[in-house]
Amino acid sequence: MKSFTKKIISSILAVTVLFTSISPSLSNASEKISKNREEKIEARAVPLVFVILAEAAALYYGGKKITDKVRESTIENAIAEHFDLYFYGKYRDLMTWKVGTGKEVVLECGDDDEYGLEHILARHVPKYFHVWLDDGTNSYFDVGTDVEDIVNELDYVIKKYKSKISQDGFKNGEQAFSVIGSDGRKYKLVIKGGKVITFYPDGWNIAKIE
């Protein structure tokens, strides 16, 4: 009988020691699970925060609403300064890319309402915002984007997609090309008859103008 009692006591002690030893592990495991859940929730929240910040950035530049339009002369002066132009004209060629045999794509100064570099800056670059679409929405390059940034990105995508542009960019109507820029983002490049009509972010930094 005494032997049986000793066995029961020994068993109880063994279980107690085992539970005591694994208790911290269970506690740590519980903390890890809780932490993982919090991290997953935070990860899901990041894209939403990014969208909100992107839209806010699209609507403001240096604390000023984009709807506070700049003068057209400000845009033209910025282009003239970048390309060191002695005179500024709507049909003045700024850059030319050879995309195929006898085929060249041309970027002209253009006009804020119609086409060319002036149009891209006036409608899609916060720093030079001047024109919005009839439906009240625009897509914007990031705040801080300048003439040089637009020119460099155009140079990148036209060279990258020159074969496709050579095939379809010289038709009578406007041809919109879905392209991926040097930053990995999606853009729309519109060309008509070998001329750059416009260039803008595709699906990001889209904002409604009130």
# chains A, B, ... in the order shown; residues from 1 in each chain; ligands from 1
call {"tool": "residues_around", "arguments": {"residues": "Thr74 (chain A)", "least_positions_apart": "5", "cutoff": "12 Å", "atoms": "only C-alpha atoms", "output": "PyMOL selection string"}}
result
chain A and resi 69+79-81+112+118+121-122+127-130+147
call {"tool": "write_last_selection", "arguments": {"atoms": "C-alpha atoms", "output": "compact mmCIF listing (two decimals), in the first residue's frame"}}
result
# COMPACT_ATOMS: atom_id res chain seq x y z
CA LYS A 69 -3.16 76.47 -61.38
CA ILE A 79 10.80 73.65 -70.64
CA ALA A 80 12.86 76.39 -72.27
CA GLU A 81 15.29 76.40 -69.36
CA ASP A 112 -1.11 72.70 -72.60
CA GLU A 118 3.72 71.14 -72.21
CA LEU A 121 3.35 68.85 -67.49
CA ALA A 122 0.18 70.94 -67.42
CA LYS A 127 4.37 71.30 -59.90
CA TYR A 128 3.07 72.53 -63.26
CA PHE A 129 -0.63 71.74 -62.98
CA HIS A 130 -2.68 73.91 -65.32
CA VAL A 147 10.82 68.33 -66.33
call {"tool": "closest_residue", "arguments": {"among": "A:Val125, A:Ile75, A:Ala207, A:Ile150", "to": "Gly110 (chain A)", "atoms": "only C-alpha atoms"}}
result
A:Ile75
call {"tool": "residues_around", "arguments": {"residues": "region 165-170 of chain A", "least_positions_apart": "6", "cutoff": "6 Å", "atoms": "only C-alpha atoms", "output": "PDB file with N, CA, C and O atoms, in the first residue's frame"}}
result
ATOM      1  N   VAL A  99      13.047  54.639 -83.898  1.00  0.00           N
ATOM      2  CA  VAL A  99      12.442  53.405 -83.412  1.00  0.00           C
ATOM      3  C   VAL A  99      12.366  52.317 -84.494  1.00  0.00           C
ATOM      4  O   VAL A  99      11.948  51.196 -84.230  1.00  0.00           O
ATOM      5  N   GLY A 100      12.758  52.662 -85.697  1.00  0.00           N
ATOM      6  CA  GLY A 100      12.730  51.695 -86.791  1.00  0.00           C
ATOM      7  C   GLY A 100      13.276  52.334 -88.049  1.00  0.00           C
ATOM      8  O   GLY A 100      13.600  53.531 -88.068  1.00  0.00           O
ATOM      9  N   ILE A 191       0.751  58.034 -78.633  1.00  0.00           N
ATOM     10  CA  ILE A 191       1.482  58.532 -79.806  1.00  0.00           C
ATOM     11  C   ILE A 191       0.547  58.593 -81.001  1.00  0.00           C
ATOM     12  O   ILE A 191      -0.303  57.708 -81.194  1.00  0.00           O
ATOM     13  N   GLY A 193       0.905  59.413 -85.193  1.00  0.00           N
ATOM     14  CA  GLY A 193       1.721  59.797 -86.338  1.00  0.00           C
ATOM     15  C   GLY A 193       3.169  60.054 -85.985  1.00  0.00           C
ATOM     16  O   GLY A 193       3.822  60.912 -86.593  1.00  0.00           O
ATOM     17  N   GLY A 194       3.687  59.341 -85.006  1.00  0.00           N
ATOM     18  CA  GLY A 194       5.086  59.512 -84.618  1.00  0.00           C
ATOM     19  C   GLY A 194       5.330  60.649 -83.640  1.00  0.00           C
ATOM     20  O   GLY A 194       6.479  60.908 -83.271  1.00  0.00           O
TER      21      GLY A 194
END
call {"tool": "atom_distance", "arguments": {"atom1": "CA of Glu174 (chain A)", "atom2": "CA of Thr145 (chain A)"}}
result
25.6 Å
call {"tool": "residues_around", "arguments": {"residues": "Lys160 (chain A)", "least_positions_apart": "2", "cutoff": "12 Å", "atoms": "only C-alpha atoms", "output": "PyMOL selection string"}}
result
chain A and resi 97-99+153-158+162-166+177-182
call {"tool": "write_last_selection", "arguments": {"atoms": "N, CA and C atoms", "output": "compact mmCIF listing (two decimals), in the first residue's frame"}}
result
# COMPACT_ATOMS: atom_id res chain seq x y z
N TRP A 97 13.56 60.14 -81.24
CA TRP A 97 14.01 58.76 -81.04
C TRP A 97 13.82 57.97 -82.33
N LYS A 98 14.85 57.29 -82.76
CA LYS A 98 14.72 56.40 -83.91
C LYS A 98 14.22 55.06 -83.41
N VAL A 99 13.05 54.64 -83.90
CA VAL A 99 12.44 53.40 -83.41
C VAL A 99 12.37 52.32 -84.49
N GLU A 153 12.00 59.55 -68.13
CA GLU A 153 11.08 58.41 -68.16
C GLU A 153 10.58 58.16 -69.58
N LEU A 154 10.32 59.22 -70.31
CA LEU A 154 9.92 59.09 -71.72
C LEU A 154 11.03 58.42 -72.52
N ASP A 155 12.25 58.86 -72.29
CA ASP A 155 13.40 58.29 -72.99
C ASP A 155 13.50 56.79 -72.71
N TYR A 156 13.26 56.41 -71.47
CA TYR A 156 13.35 55.00 -71.07
C TYR A 156 12.28 54.15 -71.77
N VAL A 157 11.02 54.58 -71.69
CA VAL A 157 9.94 53.74 -72.22
C VAL A 157 9.92 53.71 -73.75
N ILE A 158 10.27 54.81 -74.39
CA ILE A 158 10.28 54.81 -75.86
C ILE A 158 11.37 53.88 -76.39
N LYS A 162 10.38 50.36 -78.39
CA LYS A 162 10.51 50.93 -79.73
C LYS A 162 9.95 50.03 -80.83
N SER A 163 10.06 48.71 -80.68
CA SER A 163 9.55 47.80 -81.71
C SER A 163 8.04 47.90 -81.84
N LYS A 164 7.37 47.92 -80.70
CA LYS A 164 5.91 48.03 -80.71
C LYS A 164 5.47 49.40 -81.20
N ILE A 165 6.21 50.43 -80.80
CA ILE A 165 5.90 51.79 -81.24
C ILE A 165 6.11 51.91 -82.75
N SER A 166 7.17 51.29 -83.24
CA SER A 166 7.45 51.31 -84.68
C SER A 166 6.32 50.68 -85.47
N PHE A 177 -0.20 53.13 -75.62
CA PHE A 177 0.66 52.00 -75.27
C PHE A 177 0.73 51.86 -73.75
N SER A 178 0.47 50.66 -73.27
CA SER A 178 0.64 50.37 -71.85
C SER A 178 2.09 49.98 -71.63
N VAL A 179 2.79 50.75 -70.83
CA VAL A 179 4.23 50.53 -70.65
C VAL A 179 4.60 50.48 -69.17
N ILE A 180 5.74 49.88 -68.89
CA ILE A 180 6.28 49.84 -67.53
C ILE A 180 7.52 50.71 -67.50
N GLY A 181 7.52 51.67 -66.58
CA GLY A 181 8.62 52.62 -66.50
C GLY A 181 9.84 52.07 -65.79
N SER A 182 10.85 52.88 -65.66
CA SER A 182 12.09 52.48 -65.01
C SER A 182 11.89 52.21 -63.52
call {"tool": "atom_distance", "arguments": {"atom1": "CA of Asn138 (chain A)", "atom2": "CA of Ile206 (chain A)"}}
result
5.7 Å
